[in-house]
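Worksheet: one structure, shown below.
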Amino acid sequence: MGAASSRSAVAEAVWVAADVTVMVGIIAATLPQSWHATLVGFAFLGATWALVWRHDDATVRRAGLALGGLVIPGSVDWGDALRQARTALMWALGMTAIVAAPYFVGWRFWWMPKLSFSLSVRPADAAGELLNQLIVIALPEEAFYRGYLQSKLDEAWPPRWRVLGACVGPGLFGAAAIFALSHIVTVQTPARLAVFFPALLFGWLRARTGGIGASVCFHAMCNLYAEMLGNGYGVY
């Protein structure tokens, strides 16, 4: 890609991310809180559809957004889709197993909970929250930030570093930084910038697996784990 094309790709990515962030900010500032997650999810999915999903199959696959063929026109190879889903889940579980203990230590240090851990959750509530985290939060965010944004930045700055089997580049850090900055729009506290670090792992999974399935699953698991700790220790 030439210098002019690279600048154009970066400009598009930043412009689109800014527009979507403004839209998220308007939703957070003007509408009932109970609507926020759903409407923000629709905003991310709508932008991803307009920028990627409505285009040809090759564009969708390059962005890692084929989702096992579920969003590609024509018949679905359900065997292949299930295999890809299983692989994505295994990657997510493996990453969760690696980060769970150090995250717990850091979480305890940051929040310093006063109560002992106690958690009682009904199966129906747990299932509902799992679906919410997967479909309403993780899928829309990963589709936009790792599917569209990271892929667009990778066009401008081709990945050139090999990290544990994944070829990554400046686009990984750019997408993670924009992801972190966008989180301040809904909750105005610098602590929200900390999501930059898990975003690096989401982006690595996107690069390592070639799709967003693993990052969607891992993203949801991270949110559920943090929520479990906060509820269990009575912190939030």
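Note on naming: chains are A, B, ... as they come in the structure tokens, residues start from 1 per chain, ligands start from 1 in the order shown.
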
Each residue of segment 120-235 of chain A with at least one atom at most 12 Å from segment 71-91 of chain A should appear once, together with its nearest atom pair and the corresponding distance in Å (one decimal); atoms considered: only C-alpha atoms; ordering: chain, then increasing residue number; output as CSV.
```
residue,atom,partner,partner_atom,distance
A:Leu134,CA,A:Leu89,CA,11.9
A:Leu201,CA,A:Trp91,CA,11.3
A:Phe202,CA,A:Trp91,CA,10.9
A:Trp204,CA,A:Trp91,CA,11.1
A:Leu205,CA,A:Trp91,CA,7.9
A:Arg206,CA,A:Ala88,CA,10.0
A:Arg208,CA,A:Trp91,CA,9.7
A:Thr209,CA,A:Ala88,CA,7.9
A:Gly210,CA,A:Ala88,CA,10.3
A:Gly211,CA,A:Ala88,CA,8.7
A:Ile212,CA,A:Ala88,CA,8.3
A:Gly213,CA,A:Ala88,CA,5.3
A:Ala214,CA,A:Ala88,CA,4.0
A:Ser215,CA,A:Ala88,CA,7.8
A:Val216,CA,A:Ala88,CA,8.5
A:Cys217,CA,A:Leu89,CA,6.2
A:Phe218,CA,A:Leu89,CA,7.9
A:His219,CA,A:Leu89,CA,11.2
A:Ala220,CA,A:Leu89,CA,10.9
A:Met221,CA,A:Leu89,CA,10.2
```

Convert the current residue selection to file output with N, CA and C atoms, as a compact mmCIF listing (two decimals), in the first residue's frame.
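Generated output (selection.txt):
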```
# COMPACT_ATOMS: atom_id res chain seq x y z
N LEU A 134 -22.22 -11.90 25.67
CA LEU A 134 -21.77 -12.39 24.37
C LEU A 134 -22.37 -11.60 23.22
N LEU A 201 -4.94 -8.21 24.27
CA LEU A 201 -5.15 -9.66 24.18
C LEU A 201 -6.27 -9.98 23.19
N PHE A 202 -7.33 -9.18 23.18
CA PHE A 202 -8.40 -9.39 22.20
C PHE A 202 -7.83 -9.28 20.79
N TRP A 204 -4.69 -9.64 19.86
CA TRP A 204 -3.77 -10.76 19.59
C TRP A 204 -4.54 -12.00 19.16
N LEU A 205 -5.64 -12.28 19.86
CA LEU A 205 -6.48 -13.43 19.49
C LEU A 205 -7.03 -13.26 18.08
N ARG A 206 -7.45 -12.05 17.74
CA ARG A 206 -7.94 -11.79 16.38
C ARG A 206 -6.86 -12.10 15.35
N ARG A 208 -4.14 -14.03 15.83
CA ARG A 208 -3.66 -15.42 15.93
C ARG A 208 -4.63 -16.40 15.30
N THR A 209 -5.92 -16.15 15.43
CA THR A 209 -6.92 -17.10 14.95
C THR A 209 -7.50 -16.73 13.59
N GLY A 210 -7.31 -15.49 13.16
CA GLY A 210 -7.83 -15.06 11.87
C GLY A 210 -9.28 -14.61 11.89
N GLY A 211 -9.90 -14.61 13.04
CA GLY A 211 -11.30 -14.18 13.15
C GLY A 211 -11.55 -13.58 14.52
N ILE A 212 -12.78 -13.13 14.75
CA ILE A 212 -13.10 -12.49 16.03
C ILE A 212 -13.77 -13.44 17.02
N GLY A 213 -14.01 -14.68 16.64
CA GLY A 213 -14.72 -15.60 17.52
C GLY A 213 -14.06 -15.75 18.88
N ALA A 214 -12.74 -15.97 18.89
CA ALA A 214 -12.03 -16.17 20.15
C ALA A 214 -12.03 -14.90 20.99
N SER A 215 -11.86 -13.75 20.33
CA SER A 215 -11.84 -12.50 21.09
C SER A 215 -13.23 -12.18 21.65
N VAL A 216 -14.28 -12.53 20.93
CA VAL A 216 -15.63 -12.34 21.44
C VAL A 216 -15.83 -13.17 22.71
N CYS A 217 -15.46 -14.43 22.65
CA CYS A 217 -15.63 -15.32 23.81
C CYS A 217 -14.79 -14.86 24.99
N PHE A 218 -13.54 -14.50 24.72
CA PHE A 218 -12.65 -14.07 25.80
C PHE A 218 -13.11 -12.75 26.39
N HIS A 219 -13.55 -11.83 25.55
CA HIS A 219 -14.09 -10.54 26.00
C HIS A 219 -15.25 -10.78 26.97
N ALA A 220 -16.18 -11.65 26.58
CA ALA A 220 -17.33 -11.93 27.44
C ALA A 220 -16.89 -12.57 28.76
N MET A 221 -15.91 -13.49 28.69
CA MET A 221 -15.42 -14.13 29.90
C MET A 221 -14.76 -13.12 30.83
```

Using DSSP on the backbone coordinates, identify all residues within segment 38-201 of chain A classified as strand (DSSP E or B); present the result as a VMD selection string. chain A and resid 161 to 163 166 to 168

Pick out the residues sitting within 9 Å of Cys222 of chain A, and hand them over as a ChimeraX atom specification; count only C-alpha atoms, and ignore anything fewer than 6 positions along from it in its own chain. /A:96,100,198

Output file for the residues above (all heavy atoms, as a PDB file, in the first residue's frame):
```
ATOM      1  N   THR A  96      -8.180 -17.270  29.331  1.00  0.00           N
ATOM      2  CA  THR A  96      -8.761 -16.980  30.641  1.00  0.00           C
ATOM      3  C   THR A  96      -7.990 -17.691  31.746  1.00  0.00           C
ATOM      4  O   THR A  96      -7.735 -17.120  32.812  1.00  0.00           O
ATOM      5  CB  THR A  96     -10.239 -17.396  30.678  1.00  0.00           C
ATOM      6  OG1 THR A  96     -10.961 -16.690  29.661  1.00  0.00           O
ATOM      7  CG2 THR A  96     -10.860 -17.095  32.031  1.00  0.00           C
ATOM      8  N   ALA A 100      -6.454 -15.297  34.653  1.00  0.00           N
ATOM      9  CA  ALA A 100      -7.383 -15.216  35.790  1.00  0.00           C
ATOM     10  C   ALA A 100      -6.671 -14.945  37.112  1.00  0.00           C
ATOM     11  O   ALA A 100      -7.099 -14.068  37.877  1.00  0.00           O
ATOM     12  CB  ALA A 100      -8.197 -16.505  35.879  1.00  0.00           C
ATOM     13  N   PRO A 198      -6.485  -5.510  28.301  1.00  0.00           N
ATOM     14  CA  PRO A 198      -7.195  -6.674  27.743  1.00  0.00           C
ATOM     15  C   PRO A 198      -7.456  -6.525  26.252  1.00  0.00           C
ATOM     16  O   PRO A 198      -7.506  -7.523  25.535  1.00  0.00           O
ATOM     17  CB  PRO A 198      -8.504  -6.717  28.545  1.00  0.00           C
ATOM     18  CG  PRO A 198      -8.636  -5.389  29.178  1.00  0.00           C
ATOM     19  CD  PRO A 198      -7.245  -4.891  29.405  1.00  0.00           C
TER      20      PRO A 198
END
```

Could you list, as a PyMOL selection string, every residue within 8 Å of segment 16-26 of chain A, counting only C-alpha atoms and ignoring same-chain residues fewer than 2 positions away? chain A and resi 12-14+28-31+40+43-44+47+149+178+182+185-186

Residues just named, written with N, CA and C atoms as a compact mmCIF listing (two decimals), in the first residue's frame:
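The result, stored in selection.txt:
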```txt
# COMPACT_ATOMS: atom_id res chain seq x y z
N GLU A 12 -9.64 7.22 7.52
CA GLU A 12 -10.97 6.61 7.57
C GLU A 12 -11.21 5.96 8.93
N ALA A 13 -10.22 5.19 9.39
CA ALA A 13 -10.38 4.49 10.66
C ALA A 13 -10.61 5.46 11.81
N VAL A 14 -9.83 6.52 11.88
CA VAL A 14 -9.95 7.49 12.97
C VAL A 14 -11.28 8.25 12.86
N ALA A 28 -25.29 7.65 25.73
CA ALA A 28 -25.04 7.62 27.17
C ALA A 28 -25.55 8.88 27.87
N ALA A 29 -25.51 10.01 27.17
CA ALA A 29 -25.87 11.28 27.80
C ALA A 29 -27.36 11.60 27.75
N THR A 30 -28.07 11.02 26.80
CA THR A 30 -29.45 11.46 26.58
C THR A 30 -30.52 10.40 26.79
N LEU A 31 -30.16 9.15 26.85
CA LEU A 31 -31.16 8.09 26.92
C LEU A 31 -31.08 7.33 28.24
N VAL A 40 -25.96 0.92 22.16
CA VAL A 40 -24.54 1.00 21.79
C VAL A 40 -24.15 -0.22 20.95
N ALA A 43 -25.26 0.34 17.53
CA ALA A 43 -24.40 1.33 16.86
C ALA A 43 -23.15 0.65 16.30
N PHE A 44 -22.51 -0.20 17.10
CA PHE A 44 -21.31 -0.90 16.63
C PHE A 44 -21.64 -1.86 15.49
N ALA A 47 -22.43 0.10 12.24
CA ALA A 47 -21.22 0.61 11.60
C ALA A 47 -20.45 -0.52 10.93
N LEU A 149 -11.89 -2.01 12.75
CA LEU A 149 -10.87 -1.01 13.04
C LEU A 149 -9.45 -1.59 12.97
N ILE A 178 -7.77 3.28 20.86
CA ILE A 178 -9.07 3.89 20.54
C ILE A 178 -10.18 3.22 21.34
N SER A 182 -12.53 5.25 24.00
CA SER A 182 -13.99 5.27 23.83
C SER A 182 -14.72 4.90 25.12
N VAL A 185 -16.06 7.71 27.39
CA VAL A 185 -17.26 8.45 26.97
C VAL A 185 -18.47 8.07 27.82
N THR A 186 -18.58 6.80 28.16
CA THR A 186 -19.75 6.35 28.93
C THR A 186 -19.56 6.49 30.43
```

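The residue that comes closest to Phe197 of chain A, out of A:Ala4, A:Cys167, A:Val136, A:Val99 and on the basis of only C-alpha atoms, is A:Val99.
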
Within 12 Å of Ala207 of chain A using only C-alpha atoms, minus same-chain residues under 5 positions, as a ChimeraX atom specification: /A:62-64,146-147,150-151,154,158-169,171-172,200-202,212-215

Dump of C-alpha atoms for the selected residues, as a PDB file, in the first residue's frame:
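The result, stored in selection.pdb:
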```pdb
ATOM      1  CA  ARG A  62     -10.190 -10.470   5.487  1.00  0.00           C
ATOM      2  CA  ALA A  63     -11.713  -8.575   8.390  1.00  0.00           C
ATOM      3  CA  GLY A  64     -12.183 -11.809  10.325  1.00  0.00           C
ATOM      4  CA  ARG A 146     -11.095  -5.922  16.103  1.00  0.00           C
ATOM      5  CA  GLY A 147     -13.007  -6.755  12.922  1.00  0.00           C
ATOM      6  CA  GLN A 150      -7.855  -3.257  13.638  1.00  0.00           C
ATOM      7  CA  SER A 151      -8.142  -4.677  10.115  1.00  0.00           C
ATOM      8  CA  ASP A 154      -3.422  -3.184   9.554  1.00  0.00           C
ATOM      9  CA  PRO A 158       1.049  -4.022   7.817  1.00  0.00           C
ATOM     10  CA  PRO A 159       1.752  -6.387  10.740  1.00  0.00           C
ATOM     11  CA  ARG A 160       5.468  -7.122  10.971  1.00  0.00           C
ATOM     12  CA  TRP A 161       6.107  -8.549  14.429  1.00  0.00           C
ATOM     13  CA  ARG A 162       5.708 -12.222  15.274  1.00  0.00           C
ATOM     14  CA  VAL A 163       4.367 -12.626  18.813  1.00  0.00           C
ATOM     15  CA  LEU A 164       3.618 -16.163  20.015  1.00  0.00           C
ATOM     16  CA  GLY A 165       2.425 -17.282  16.600  1.00  0.00           C
ATOM     17  CA  ALA A 166       0.478 -14.127  15.731  1.00  0.00           C
ATOM     18  CA  CYS A 167       1.659 -11.538  13.227  1.00  0.00           C
ATOM     19  CA  VAL A 168       0.833  -8.124  14.700  1.00  0.00           C
ATOM     20  CA  GLY A 169       1.748  -4.510  14.067  1.00  0.00           C
ATOM     21  CA  GLY A 171      -2.691  -1.518  14.212  1.00  0.00           C
ATOM     22  CA  LEU A 172      -3.051  -3.744  17.274  1.00  0.00           C
ATOM     23  CA  LEU A 200      -4.251  -6.053  23.395  1.00  0.00           C
ATOM     24  CA  LEU A 201      -5.151  -9.658  24.185  1.00  0.00           C
ATOM     25  CA  PHE A 202      -8.398  -9.391  22.198  1.00  0.00           C
ATOM     26  CA  ILE A 212     -13.102 -12.492  16.027  1.00  0.00           C
ATOM     27  CA  GLY A 213     -14.721 -15.598  17.523  1.00  0.00           C
ATOM     28  CA  ALA A 214     -12.027 -16.169  20.154  1.00  0.00           C
ATOM     29  CA  SER A 215     -11.845 -12.502  21.089  1.00  0.00           C
TER      30      SER A 215
END
```

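With only C-alpha atoms as the atoms that count, the minimum distance from Glu129 of chain A to the choices A:Ser34, A:Trp15, A:Phe42, A:Asn223 is reached by A:Asn223.
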
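Near Leu181 of chain A, within a cut-off of 10 Å and counting only C-alpha atoms, sit the residues Thr21, Ala175, Pro190, Arg192, Leu193, Ala194, Val195 and Phe196 of chain A, with same-chain residues fewer than 6 positions away left out.
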
Dump of C-alpha atoms for the selected residues, as a PDB file, in the first residue's frame:
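Written out: again.pdb:
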```
ATOM      1  CA  THR A  21     -17.701   7.295  19.741  1.00  0.00           C
ATOM      2  CA  ALA A 175      -7.191  -0.206  17.889  1.00  0.00           C
ATOM      3  CA  PRO A 190      -9.327   7.544  33.991  1.00  0.00           C
ATOM      4  CA  ARG A 192     -11.520   3.055  32.311  1.00  0.00           C
ATOM      5  CA  LEU A 193      -8.344   3.432  30.248  1.00  0.00           C
ATOM      6  CA  ALA A 194      -7.161   0.168  31.814  1.00  0.00           C
ATOM      7  CA  VAL A 195      -9.219  -1.716  29.211  1.00  0.00           C
ATOM      8  CA  PHE A 196      -6.308  -0.963  26.847  1.00  0.00           C
TER       9      PHE A 196
END
```

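Taking atom CA of Ile137 of chain A as the reference point, atom CA of Ala156 of chain A is found at 27.4 Å.
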
Shell around Arg108 of chain A at 12 Å using only C-alpha atoms, local window under 4 positions removed, as a VMD selection string: chain A and resid 101 to 104 112 to 117 226 229 to 230 233 235

What does the file look like for those residues with N, CA, C and O atoms, as a PDB file, in the first residue's frame?
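Result file is out_19.pdb:
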```
ATOM      1  N   ALA A 101      -5.601 -15.671  37.402  1.00  0.00           N
ATOM      2  CA  ALA A 101      -4.918 -15.500  38.687  1.00  0.00           C
ATOM      3  C   ALA A 101      -4.245 -14.137  38.809  1.00  0.00           C
ATOM      4  O   ALA A 101      -4.460 -13.429  39.810  1.00  0.00           O
ATOM      5  N   PRO A 102      -3.420 -13.701  37.834  1.00  0.00           N
ATOM      6  CA  PRO A 102      -2.826 -12.365  37.981  1.00  0.00           C
ATOM      7  C   PRO A 102      -3.868 -11.251  38.010  1.00  0.00           C
ATOM      8  O   PRO A 102      -3.690 -10.248  38.717  1.00  0.00           O
ATOM      9  N   TYR A 103      -4.959 -11.412  37.249  1.00  0.00           N
ATOM     10  CA  TYR A 103      -6.008 -10.398  37.290  1.00  0.00           C
ATOM     11  C   TYR A 103      -6.628 -10.336  38.683  1.00  0.00           C
ATOM     12  O   TYR A 103      -6.893  -9.236  39.203  1.00  0.00           O
ATOM     13  N   PHE A 104      -6.845 -11.491  39.302  1.00  0.00           N
ATOM     14  CA  PHE A 104      -7.428 -11.530  40.641  1.00  0.00           C
ATOM     15  C   PHE A 104      -6.537 -10.799  41.641  1.00  0.00           C
ATOM     16  O   PHE A 104      -7.027 -10.017  42.474  1.00  0.00           O
ATOM     17  N   MET A 112      -9.355  -3.575  47.141  1.00  0.00           N
ATOM     18  CA  MET A 112      -9.195  -3.841  48.574  1.00  0.00           C
ATOM     19  C   MET A 112     -10.537  -4.149  49.235  1.00  0.00           C
ATOM     20  O   MET A 112     -11.010  -3.406  50.114  1.00  0.00           O
ATOM     21  N   PRO A 113     -11.206  -5.216  48.824  1.00  0.00           N
ATOM     22  CA  PRO A 113     -12.540  -5.524  49.375  1.00  0.00           C
ATOM     23  C   PRO A 113     -12.488  -5.815  50.867  1.00  0.00           C
ATOM     24  O   PRO A 113     -11.546  -6.416  51.364  1.00  0.00           O
ATOM     25  N   LYS A 114     -13.530  -5.391  51.553  1.00  0.00           N
ATOM     26  CA  LYS A 114     -13.616  -5.569  53.006  1.00  0.00           C
ATOM     27  C   LYS A 114     -14.393  -6.830  53.383  1.00  0.00           C
ATOM     28  O   LYS A 114     -14.249  -7.339  54.485  1.00  0.00           O
ATOM     29  N   LEU A 115     -15.240  -7.305  52.477  1.00  0.00           N
ATOM     30  CA  LEU A 115     -16.082  -8.467  52.767  1.00  0.00           C
ATOM     31  C   LEU A 115     -15.454  -9.736  52.203  1.00  0.00           C
ATOM     32  O   LEU A 115     -14.627  -9.688  51.303  1.00  0.00           O
ATOM     33  N   SER A 116     -15.851 -10.876  52.757  1.00  0.00           N
ATOM     34  CA  SER A 116     -15.423 -12.154  52.188  1.00  0.00           C
ATOM     35  C   SER A 116     -16.280 -12.450  50.962  1.00  0.00           C
ATOM     36  O   SER A 116     -17.372 -11.907  50.806  1.00  0.00           O
ATOM     37  N   PHE A 117     -15.773 -13.326  50.121  1.00  0.00           N
ATOM     38  CA  PHE A 117     -16.465 -13.620  48.860  1.00  0.00           C
ATOM     39  C   PHE A 117     -17.708 -14.456  49.109  1.00  0.00           C
ATOM     40  O   PHE A 117     -17.669 -15.471  49.800  1.00  0.00           O
ATOM     41  N   ALA A 226     -14.945 -10.229  35.931  1.00  0.00           N
ATOM     42  CA  ALA A 226     -14.890  -8.979  36.694  1.00  0.00           C
ATOM     43  C   ALA A 226     -16.204  -8.732  37.437  1.00  0.00           C
ATOM     44  O   ALA A 226     -16.219  -8.291  38.595  1.00  0.00           O
ATOM     45  N   LEU A 229     -16.424 -11.062  40.499  1.00  0.00           N
ATOM     46  CA  LEU A 229     -15.624 -10.588  41.616  1.00  0.00           C
ATOM     47  C   LEU A 229     -16.288  -9.394  42.305  1.00  0.00           C
ATOM     48  O   LEU A 229     -16.358  -9.330  43.542  1.00  0.00           O
ATOM     49  N   GLY A 230     -16.762  -8.438  41.491  1.00  0.00           N
ATOM     50  CA  GLY A 230     -17.384  -7.255  42.068  1.00  0.00           C
ATOM     51  C   GLY A 230     -18.626  -7.587  42.875  1.00  0.00           C
ATOM     52  O   GLY A 230     -18.815  -7.087  43.998  1.00  0.00           O
ATOM     53  N   TYR A 233     -17.697  -9.884  46.138  1.00  0.00           N
ATOM     54  CA  TYR A 233     -17.078  -9.171  47.242  1.00  0.00           C
ATOM     55  C   TYR A 233     -17.860  -7.921  47.644  1.00  0.00           C
ATOM     56  O   TYR A 233     -17.421  -7.168  48.526  1.00  0.00           O
ATOM     57  N   VAL A 235     -18.397  -5.145  46.031  1.00  0.00           N
ATOM     58  CA  VAL A 235     -17.723  -3.888  45.686  1.00  0.00           C
ATOM     59  C   VAL A 235     -18.552  -3.083  44.693  1.00  0.00           C
ATOM     60  O   VAL A 235     -18.676  -1.859  44.790  1.00  0.00           O
TER      61      VAL A 235
END
```

Can you list, as a VMD selection string, every residue of segment 19-215 of chain A that DSSP puts in helix (DSSP H, G or I)? chain A and resid 19 to 30 33 to 53 57 to 62 67 to 69 78 to 111 123 to 156 170 to 186 190 to 209 213 to 215

Separation of atom CA of Glu155 of chain A from atom CA of Ser5 of chain A, in Å and rounded to one decimal: 8.9 Å
